[in-house]
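A.B. asks: Input query.csv, format and content: CSV, C-alpha atoms and all ligand atoms.
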```csv
chain,number,residue,atom,x,y,z
A,1,MET,CA,-28.0,5.1,47.9
A,2,GLU,CA,-26.9,1.9,49.6
A,3,ILE,CA,-23.8,0.7,51.4
A,4,LEU,CA,-22.6,-2.7,50.3
A,5,ASP,CA,-19.7,-5.0,51.1
A,6,LEU,CA,-16.7,-4.1,48.7
A,7,ARG,CA,-16.2,-7.8,48.0
A,8,HIS,CA,-19.4,-7.9,45.9
A,9,PHE,CA,-17.6,-5.8,43.3
A,10,SER,CA,-14.7,-6.2,40.8
A,11,SER,CA,-11.7,-4.1,40.3
A,12,ALA,CA,-13.3,-2.7,37.1
A,13,ASP,CA,-16.2,-1.3,39.3
A,14,LEU,CA,-13.8,0.6,41.5
A,15,ARG,CA,-11.3,1.8,38.9
A,16,PRO,CA,-13.1,5.0,37.9
A,17,LEU,CA,-13.4,6.1,41.5
A,18,LEU,CA,-9.7,5.3,42.2
A,19,GLU,CA,-8.7,7.4,39.1
A,20,GLU,CA,-10.5,10.4,40.7
A,21,GLU,CA,-8.9,9.7,44.0
A,22,THR,CA,-5.5,9.5,42.4
A,23,ALA,CA,-6.0,13.0,40.9
A,24,MET,CA,-7.0,14.3,44.3
A,25,TRP,CA,-3.9,12.9,46.0
A,26,GLY,CA,-1.8,14.5,43.3
A,27,SER,CA,-3.3,17.9,43.7
A,28,THR,CA,-3.7,18.2,47.4
A,29,LEU,CA,-0.6,16.2,48.7
A,30,SER,CA,1.8,16.1,45.7
A,31,TRP,CA,1.5,12.3,46.0
A,32,ASP,CA,1.4,9.9,43.1
A,33,TYR,CA,-1.3,7.5,44.3
A,34,THR,CA,-0.9,5.2,41.3
A,35,GLN,CA,1.0,2.4,43.0
A,36,SER,CA,-1.4,2.3,46.0
A,37,ALA,CA,-4.4,2.3,43.6
A,38,GLU,CA,-2.9,-0.6,41.7
A,39,MET,CA,-2.5,-2.5,45.0
A,40,ILE,CA,-6.1,-1.8,46.0
A,41,LEU,CA,-7.3,-3.0,42.6
A,42,ARG,CA,-5.3,-6.3,43.0
A,43,TYR,CA,-6.9,-7.0,46.3
A,44,MET,CA,-10.3,-6.1,44.9
A,45,GLU,CA,-9.8,-8.5,42.0
A,46,ALA,CA,-8.9,-11.3,44.5
A,47,LYS,CA,-12.1,-10.4,46.5
A,48,ILE,CA,-10.0,-10.1,49.7
A,49,LEU,CA,-10.3,-6.3,50.4
A,50,PRO,CA,-12.5,-5.8,53.4
A,51,GLY,CA,-14.6,-2.6,53.3
A,52,TYR,CA,-17.7,-0.9,52.1
A,53,ALA,CA,-18.9,0.8,48.9
A,54,ALA,CA,-21.5,3.5,48.6
A,55,ILE,CA,-23.6,2.6,45.5
A,56,GLU,CA,-25.9,4.7,43.5
A,57,ARG,CA,-27.6,3.5,40.2
A,58,GLY,CA,-25.3,0.4,40.3
A,59,SER,CA,-22.0,2.3,40.4
A,60,ILE,CA,-19.5,2.9,43.2
A,61,PHE,CA,-19.1,6.6,44.2
A,62,GLY,CA,-17.5,6.2,47.6
A,63,TYR,CA,-15.6,3.5,49.5
A,64,SER,CA,-13.6,2.8,52.6
A,65,PHE,CA,-11.4,-0.2,53.3
A,66,PHE,CA,-9.4,-1.7,56.2
A,67,VAL,CA,-6.8,-4.3,56.8
A,68,TYR,CA,-6.2,-6.7,59.7
A,69,GLU,CA,-2.8,-6.7,61.3
A,70,GLN,CA,-2.9,-9.5,63.9
A,71,SER,CA,-5.2,-8.1,66.7
A,72,LYS,CA,-5.4,-4.6,65.2
A,73,GLY,CA,-7.6,-3.2,62.5
A,74,VAL,CA,-6.2,-0.3,60.4
A,75,ILE,CA,-8.5,1.8,58.3
A,76,GLY,CA,-6.7,2.2,55.0
A,77,ASP,CA,-8.7,4.8,53.2
A,78,LEU,CA,-11.9,6.7,52.7
A,79,PHE,CA,-12.9,8.5,49.5
A,80,VAL,CA,-16.2,9.8,48.3
A,81,ARG,CA,-16.7,11.5,45.0
A,82,ASP,CA,-18.1,15.0,45.0
A,83,GLY,CA,-21.7,15.5,43.8
A,84,GLY,CA,-23.5,12.4,45.1
A,85,ARG,CA,-27.2,12.9,44.3
A,86,THR,CA,-29.2,11.4,47.2
A,87,ALA,CA,-27.1,12.5,50.1
A,88,ASN,CA,-24.3,14.9,50.7
A,89,ARG,CA,-20.7,13.9,50.8
A,90,LEU,CA,-20.1,14.2,54.5
A,91,GLU,CA,-23.2,12.1,55.3
A,92,ILE,CA,-21.9,9.3,53.0
A,93,GLU,CA,-18.4,9.5,54.5
A,94,GLU,CA,-19.8,9.2,57.9
A,95,ARG,CA,-22.0,6.2,56.9
A,96,LEU,CA,-19.1,4.4,55.3
A,97,LEU,CA,-16.9,5.0,58.4
A,98,THR,CA,-19.6,3.9,60.8
A,99,HIS,CA,-19.9,0.6,58.9
A,100,VAL,CA,-16.1,0.1,58.9
A,101,ILE,CA,-15.7,1.0,62.6
A,102,GLU,CA,-18.6,-1.2,63.7
A,103,THR,CA,-17.3,-4.1,61.7
A,104,LEU,CA,-13.8,-3.8,63.2
A,105,GLN,CA,-15.0,-3.3,66.7
A,106,GLN,CA,-17.2,-6.4,66.4
A,107,SER,CA,-14.5,-8.6,64.8
A,108,PRO,CA,-13.4,-11.3,67.2
A,109,GLY,CA,-9.9,-10.9,68.4
A,110,ILE,CA,-9.6,-7.2,67.3
A,111,HIS,CA,-8.6,-5.1,70.3
A,112,ARG,CA,-7.3,-2.0,68.6
A,113,VAL,CA,-8.3,0.1,65.6
A,114,GLU,CA,-6.1,2.8,64.1
A,115,ALA,CA,-6.8,5.3,61.3
A,116,GLN,CA,-4.8,8.1,59.7
A,117,LEU,CA,-6.8,10.0,57.2
A,118,LEU,CA,-4.2,12.1,55.5
A,119,ALA,CA,-6.5,13.5,52.8
A,120,HIS,CA,-9.2,14.7,55.2
A,121,GLU,CA,-8.9,18.0,57.1
A,122,THR,CA,-8.8,17.7,60.9
A,123,GLY,CA,-12.3,17.3,62.4
A,124,ALA,CA,-13.9,16.8,58.9
A,125,VAL,CA,-14.9,13.1,59.5
A,126,ALA,CA,-14.3,13.0,63.3
A,127,ARG,CA,-17.9,12.4,64.4
A,128,PRO,CA,-18.2,8.6,63.8
A,129,PHE,CA,-14.8,8.0,65.5
A,130,LEU,CA,-15.6,10.1,68.6
A,131,ALA,CA,-19.1,8.6,68.8
A,132,GLN,CA,-17.4,5.1,69.0
A,133,GLY,CA,-14.9,6.0,71.7
A,134,PHE,CA,-11.8,6.8,69.6
A,135,SER,CA,-9.2,9.3,70.7
A,136,LYS,CA,-8.2,12.0,68.1
A,137,HIS,CA,-4.6,13.1,67.5
A,138,PRO,CA,-4.2,16.0,65.1
A,139,ARG,CA,-1.1,15.7,62.8
A,140,VAL,CA,0.6,18.2,60.5
A,141,PHE,CA,1.5,17.6,56.9
A,142,MET,CA,4.6,19.6,56.1
A,143,LYS,CA,6.5,20.4,52.9
A,144,PHE,CA,9.9,21.7,52.1
A,145,GLU,CA,10.5,23.3,48.6
A,146,ILE,CA,14.1,22.3,47.9
A,147,ALA,CA,15.0,25.0,45.4
A,148,GLN,CA,13.9,27.7,47.9
A,149,HIS,CA,16.6,26.8,50.3
A,150,PRO,CA,20.4,26.9,50.0
A,151,GLN,CA,22.3,23.7,50.4
A,152,THR,CA,23.6,23.5,54.0
A,153,ALA,CA,26.2,21.2,55.4
A,154,PRO,CA,25.7,21.3,59.2
A,155,PRO,CA,28.8,20.1,61.1
A,156,LEU,CA,28.9,16.5,62.5
A,157,ALA,CA,31.2,16.1,65.5
A,158,PRO,CA,34.1,13.6,64.8
A,159,GLU,CA,32.8,11.0,67.2
A,160,PHE,CA,29.8,10.4,64.9
A,161,GLU,CA,29.6,8.9,61.4
A,162,LEU,CA,26.9,9.4,58.8
A,163,ARG,CA,26.3,6.4,56.6
A,164,PRO,CA,23.9,5.6,53.8
A,165,TRP,CA,21.1,3.2,54.6
A,166,SER,CA,21.9,-0.5,54.0
A,167,GLU,CA,19.9,-3.7,54.6
A,168,ASP,CA,22.3,-5.0,57.3
A,169,GLN,CA,21.1,-2.1,59.6
A,170,TYR,CA,17.6,-3.5,59.8
A,171,GLN,CA,17.8,-4.9,63.4
A,172,SER,CA,19.7,-2.0,64.9
A,173,ALA,CA,17.5,0.6,63.2
A,174,ALA,CA,14.4,-1.2,64.7
A,175,ALA,CA,16.1,-1.0,68.1
A,176,VAL,CA,16.7,2.8,67.7
A,177,ILE,CA,13.1,3.3,66.7
A,178,THR,CA,11.8,1.4,69.7
A,179,ALA,CA,14.0,3.3,72.1
A,180,ALA,CA,13.3,6.7,70.5
A,181,TYR,CA,9.5,6.3,70.8
A,182,ARG,CA,9.4,5.0,74.3
A,183,GLY,CA,6.8,7.1,76.2
A,184,HIS,CA,6.3,9.2,73.0
A,185,ILE,CA,2.9,10.4,71.8
A,186,ASP,CA,3.5,8.6,68.4
A,187,SER,CA,3.6,5.2,70.1
A,188,GLU,CA,0.0,6.0,71.3
A,189,ILE,CA,-1.0,6.5,67.7
A,190,ASN,CA,1.0,3.6,66.2
A,191,ASP,CA,1.5,0.7,68.6
A,192,GLN,CA,4.2,-0.9,66.3
A,193,TYR,CA,6.7,1.5,67.9
A,194,ARG,CA,6.3,-0.1,71.3
A,195,THR,CA,8.2,-3.3,70.7
A,196,LEU,CA,11.2,-4.5,68.7
A,197,THR,CA,9.1,-6.9,66.6
A,198,GLY,CA,6.6,-4.1,66.0
A,199,SER,CA,9.3,-1.7,64.9
A,200,LEU,CA,10.7,-4.4,62.6
A,201,ARG,CA,7.3,-4.8,61.0
A,202,PHE,CA,7.1,-1.0,60.6
A,203,LEU,CA,10.5,-1.0,58.8
A,204,ASN,CA,9.4,-4.0,56.7
A,205,ASN,CA,6.3,-2.1,55.6
A,206,ILE,CA,8.3,1.0,54.7
A,207,VAL,CA,11.3,-0.7,53.0
A,208,ARG,CA,9.6,-3.6,51.2
A,209,PHE,CA,6.0,-2.6,50.4
A,210,PRO,CA,4.9,0.2,48.1
A,211,GLY,CA,2.0,1.4,50.3
A,212,CYS,CA,3.7,4.6,51.4
A,213,GLY,CA,5.6,5.3,48.2
A,214,ALA,CA,8.8,3.5,47.0
A,215,PHE,CA,11.5,3.3,49.6
A,216,ASP,CA,14.5,5.5,48.5
A,217,PRO,CA,17.7,4.0,50.0
A,218,ARG,CA,19.8,6.7,48.5
A,219,ALA,CA,17.9,9.4,50.5
A,220,SER,CA,17.9,7.3,53.7
A,221,PHE,CA,20.8,7.5,56.3
A,222,VAL,CA,21.9,6.4,59.7
A,223,ILE,CA,24.3,7.9,62.3
A,224,LEU,CA,26.7,5.8,64.3
A,225,ASP,CA,28.6,6.6,67.4
A,226,ARG,CA,32.2,5.6,66.5
A,227,ARG,CA,33.2,4.9,70.1
A,228,SER,CA,30.5,2.3,70.8
A,229,ARG,CA,30.0,1.4,67.1
A,230,THR,CA,26.3,1.5,67.6
A,231,LEU,CA,23.6,3.1,65.6
A,232,ILE,CA,22.0,6.1,67.3
A,233,GLY,CA,19.9,7.9,64.6
A,234,VAL,CA,17.9,7.0,61.5
A,235,ILE,CA,16.2,8.9,58.6
A,236,LEU,CA,14.1,7.0,56.1
A,237,CYS,CA,12.7,8.5,52.9
A,238,SER,CA,10.4,7.2,50.2
A,239,GLN,CA,9.7,8.5,46.7
A,240,VAL,CA,6.0,9.5,46.6
A,241,ARG,CA,6.1,11.2,43.2
A,242,ALA,CA,8.8,11.4,40.5
A,243,ASP,CA,10.1,14.6,42.1
A,244,VAL,CA,8.9,14.4,45.7
A,245,GLY,CA,10.4,12.6,48.6
A,246,HIS,CA,8.6,11.8,51.9
A,247,VAL,CA,10.4,11.4,55.2
A,248,THR,CA,8.7,8.3,56.7
A,249,GLN,CA,10.9,8.2,59.8
A,250,VAL,CA,13.5,10.4,61.6
A,251,CYS,CA,14.6,9.7,65.1
A,252,VAL,CA,17.6,10.0,67.4
A,253,LEU,CA,18.2,8.1,70.6
A,254,PRO,CA,17.1,10.2,73.6
A,255,GLU,CA,20.6,10.5,75.1
A,256,TYR,CA,22.0,12.0,71.9
A,257,ARG,CA,19.3,14.6,71.3
A,258,SER,CA,19.8,18.4,71.0
A,259,ALA,CA,23.3,17.9,69.6
A,260,GLY,CA,22.3,18.7,66.0
A,261,LEU,CA,22.0,15.1,64.7
A,262,GLY,CA,18.4,15.6,63.6
A,263,VAL,CA,19.5,18.5,61.5
A,264,VAL,CA,22.4,16.5,60.0
A,265,LEU,CA,20.0,13.6,59.1
A,266,LEU,CA,17.5,16.0,57.4
A,267,ALA,CA,20.3,17.8,55.5
A,268,ALA,CA,21.7,14.5,54.2
A,269,THR,CA,18.3,13.5,52.8
A,270,THR,CA,17.8,17.0,51.3
A,271,ARG,CA,21.2,16.8,49.7
A,272,SER,CA,20.6,13.4,48.1
A,273,LEU,CA,17.2,14.5,46.7
A,274,ARG,CA,18.5,17.9,45.5
A,275,GLU,CA,21.3,16.1,43.6
A,276,ARG,CA,18.7,14.0,41.8
A,277,ARG,CA,16.6,17.0,40.9
A,278,PHE,CA,13.7,16.3,43.3
A,279,ARG,CA,11.5,19.4,43.8
A,280,ALA,CA,10.1,18.9,47.3
A,281,ILE,CA,10.1,16.9,50.5
A,282,SER,CA,7.1,16.2,52.7
A,283,LEU,CA,6.6,14.6,56.1
A,284,THR,CA,3.9,14.3,58.8
A,285,VAL,CA,4.3,15.0,62.4
A,286,THR,CA,2.0,14.9,65.4
A,287,GLN,CA,0.9,18.4,66.4
A,288,ALA,CA,1.7,17.7,70.1
A,289,ASN,CA,5.4,17.0,69.1
A,290,ASP,CA,6.3,20.7,69.3
A,291,ARG,CA,10.1,20.3,69.5
A,292,ALA,CA,10.1,18.3,66.2
A,293,ILE,CA,7.8,20.9,64.6
A,294,ALA,CA,10.0,23.8,65.8
A,295,LEU,CA,13.0,22.0,64.3
A,296,TYR,CA,11.2,21.4,60.9
A,297,HIS,CA,10.0,25.1,60.8
A,298,ARG,CA,13.5,26.3,61.6
A,299,ILE,CA,15.0,24.5,58.7
A,300,GLY,CA,12.3,25.7,56.3
A,301,TYR,CA,9.5,23.1,56.3
A,302,GLU,CA,6.0,24.7,56.1
A,303,SER,CA,2.8,23.4,57.6
A,304,LYS,CA,0.4,22.7,54.7
A,305,ARG,CA,-2.6,20.9,56.3
A,306,ILE,CA,-3.8,19.3,59.5
A,307,PHE,CA,-5.4,15.9,59.5
A,308,ASP,CA,-6.3,13.4,62.2
A,309,ALA,CA,-5.1,10.1,63.5
A,310,PHE,CA,-7.7,8.1,65.5
A,311,VAL,CA,-7.2,5.3,67.9
A,312,TRP,CA,-9.5,2.9,69.7
A,313,GLU,CA,-8.6,0.3,72.3
A,314,GLY,CA,-11.2,-2.2,73.3
B,401,LIG,C1,12.9,15.0,66.4
B,401,LIG,C2,14.3,14.4,66.6
B,401,LIG,C3,14.7,13.5,65.5
B,401,LIG,C4,15.3,15.6,66.6
B,401,LIG,O1,16.6,15.1,66.8
B,401,LIG,P1,17.8,15.9,67.5
B,401,LIG,O2,19.1,15.3,67.2
B,401,LIG,O3,17.4,16.1,68.9
B,401,LIG,O4,17.6,17.3,66.7
B,401,LIG,P2,18.7,18.5,66.7
B,401,LIG,O5,19.6,18.4,67.8
B,401,LIG,O6,19.3,18.5,65.3
B,401,LIG,O7,17.8,19.8,66.8
B,401,LIG,C5,16.9,19.9,67.8
B,401,LIG,C6,17.4,20.8,68.9
B,401,LIG,O8,18.8,21.2,68.8
B,401,LIG,C7,18.8,22.6,68.6
B,401,LIG,N1,19.7,22.9,67.5
B,401,LIG,C8,20.3,22.0,66.7
B,401,LIG,N2,21.1,22.6,65.8
B,401,LIG,C9,20.9,23.9,65.9
B,401,LIG,C10,21.4,25.1,65.2
B,401,LIG,N3,22.2,25.0,64.2
B,401,LIG,N4,20.9,26.3,65.7
B,401,LIG,C11,20.1,26.4,66.7
B,401,LIG,N5,19.6,25.3,67.4
B,401,LIG,C12,20.0,24.1,67.0
B,401,LIG,C13,17.5,23.0,68.3
B,401,LIG,O9,17.2,24.3,68.8
B,401,LIG,C14,16.6,22.0,69.0
B,401,LIG,O10,16.4,22.3,70.4
B,401,LIG,P3,15.7,21.4,71.4
B,401,LIG,O11,16.7,20.6,72.0
B,401,LIG,O12,15.1,22.3,72.4
B,401,LIG,O13,14.7,20.6,70.7
B,401,LIG,C15,14.5,13.8,68.0
B,401,LIG,O14,14.0,14.7,69.0
B,401,LIG,C16,13.7,12.5,68.2
B,401,LIG,O15,14.2,11.4,67.8
B,401,LIG,N6,12.5,12.5,68.7
B,401,LIG,C17,11.7,11.3,68.9
B,401,LIG,C18,11.2,10.8,67.6
B,401,LIG,C19,10.4,11.9,66.9
B,401,LIG,O16,9.6,12.6,67.4
B,401,LIG,N7,10.7,12.0,65.6
B,401,LIG,C20,10.0,12.9,64.7
B,401,LIG,C21,8.7,12.3,64.3
B,401,LIG,S1,7.9,13.3,63.0
```
Please go through the file and, once you have read it, give me the structure as structure tokens.
Ligand SMILES: CC(C)(COP(=O)(O)OP(=O)(O)OC[C@H]1O[C@@H](n2cnc3c(N)ncnc32)[C@H](O)[C@@H]1OP(=O)(O)O)[C@@H](O)C(=O)NCCC(=O)NCCS
C.D. replies:
Amino acid sequence: MEILDLRHFSSADLRPLLEEETAMWGSTLSWDYTQSAEMILRYMEAKILPGYAAIERGSIFGYSFFVYEQSKGVIGDLFVRDGGRTANRLEIEERLLTHVIETLQQSPGIHRVEAQLLAHETGAVARPFLAQGFSKHPRVFMKFEIAQHPQTAPPLAPEFELRPWSEDQYQSAAAVITAAYRGHIDSEINDQYRTLTGSLRFLNNIVRFPGCGAFDPRASFVILDRRSRTLIGVILCSQVRADVGHVTQVCVLPEYRSAGLGVVLLAATTRSLRERRFRAISLTVTQANDRAIALYHRIGYESKRIFDAFVWEG
């Protein structure tokens, strides 16, 4: 078994492994990974996907890749096929991650590395991260089975207005996100939340790129304060499978919290998805965010698995 640069290979070399990975995402997370796999293959074909491949008898049976976002490196994925012959799976995962981490930490101008390994159970691949000085933040993958819950219409006080998402709310939504995550644990995990330009980049990734499913504007909403005519809450949802929506963002300005607006936003998304015959909704939340978790549990979300986010600052 050897570890080689991914850029030595073509998309045809990686395709069989990605097909297995796509099946795994479907069964463990109800997530259709096809679009992400196609994007990975396009980058492979152009020989611009940085990362490493685990090779045995000339074929790829494990890989990990990363992307550069200005002075940050983001580990995009890690997948190793079951049943490697010369070494066990965990050992190969750790070797791939060690290569990726060392490459990023030694890249000139890279001061921060982030990873969120949704498909790996908490702790499973933590060792190489902890050995290299990363902090670890457990996060919860939650799921809501739409048909198991009655349609609810929580009241919205007359001073507020619920509106469908529209493109002209880009700037104000980014401002709400930045204010909502000031001093928040999630801005330790994702530094985009710390600035307005970062939040705009986050929005851009969610709305315009298919990496985290296809943005679903009909299941995304904002809440305005009618008096000040300003935006005070946002929920964004993407379609991650034909019948599954994923809430990629929900936040309310601090001064408007605990008034039921979070519940109203989640109910609006659920209603839209229910009307279009979606089966389930998923989301991820940091385990330390206990008020958000309590809210999700109260309305019927169930914790399905715990995975880790890792962060390193040089
Ligand atoms: C999570 C968040 C969106 C919730 O928004 P919110 O408007 O405060 O939520 P709600 O008011 O609808 O519900 C939460 C609170 O109201 C109470 N509440 C609201 N409706 C209620 C009802 N019908 N019955 C009982 N309690 C209710 C809840 O008990 C809860 O209490 P808390 O204040 O102790 O947390 C908001 O706290 C936020 O923006 N946080 C920062 C960003 C974040 O963490 N987002 C989630 C990332 S996964």
A.B. asks: Using all atoms listed in the file, which residues sit within 12 Å of Pro16 (chain A) once same-chain residues fewer than 3 positions away are excluded, as a VMD selection string?
C.D. replies: chain A and resid 10 to 13 19 to 23 37 41 59 to 63 80 to 81
A.B. asks: Nearest residue to Gln192 (chain A) out of A:Val264, A:Ile177, A:Cys237, A:Val252, using all atoms listed in the file?
C.D. replies: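 Under the stated criterion, the closest residue is A:Ile177.
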A.B. asks: Within 10 Å of ligand LIG 401 (chain B) (counting only C-alpha atoms and all ligand atoms), which residues show up? I'd like them as a PyMOL selection string.
C.D. replies: chain A and resi 139-142+154-155+176-187+232-235+247-267+283-296+298-299
A.B. asks: Would you work out the distance separating CA of Arg274 (chain A) from CA of His149 (chain A), expressed in Å to one decimal?
C.D. replies: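 Interatomic distance here is 10.3 Å.
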A.B. asks: Report, in Å to a single decimal, how far apart CA of Leu231 (chain A) and CA of Gly213 (chain A) are.
C.D. replies: 25.1 Å
A.B. asks: May I ask which of the residues A:Trp25, A:Phe278, A:Trp31, A:Phe134 is the closest one to Ile146 (chain A), counting only C-alpha atoms?
C.D. replies: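 Ranking A:Trp25, A:Phe278, A:Trp31, A:Phe134 by distance to Ile146 (chain A), first place goes to A:Phe278.
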A.B. asks: Do you know which residues are at most 9 Å from Gly123 (chain A) counting only C-alpha atoms, after dropping those on the same chain fewer than 3 positions away, and could you put them as number ranges by chain?
C.D. replies: A: 120, 126-127, 136, 138, 307-308
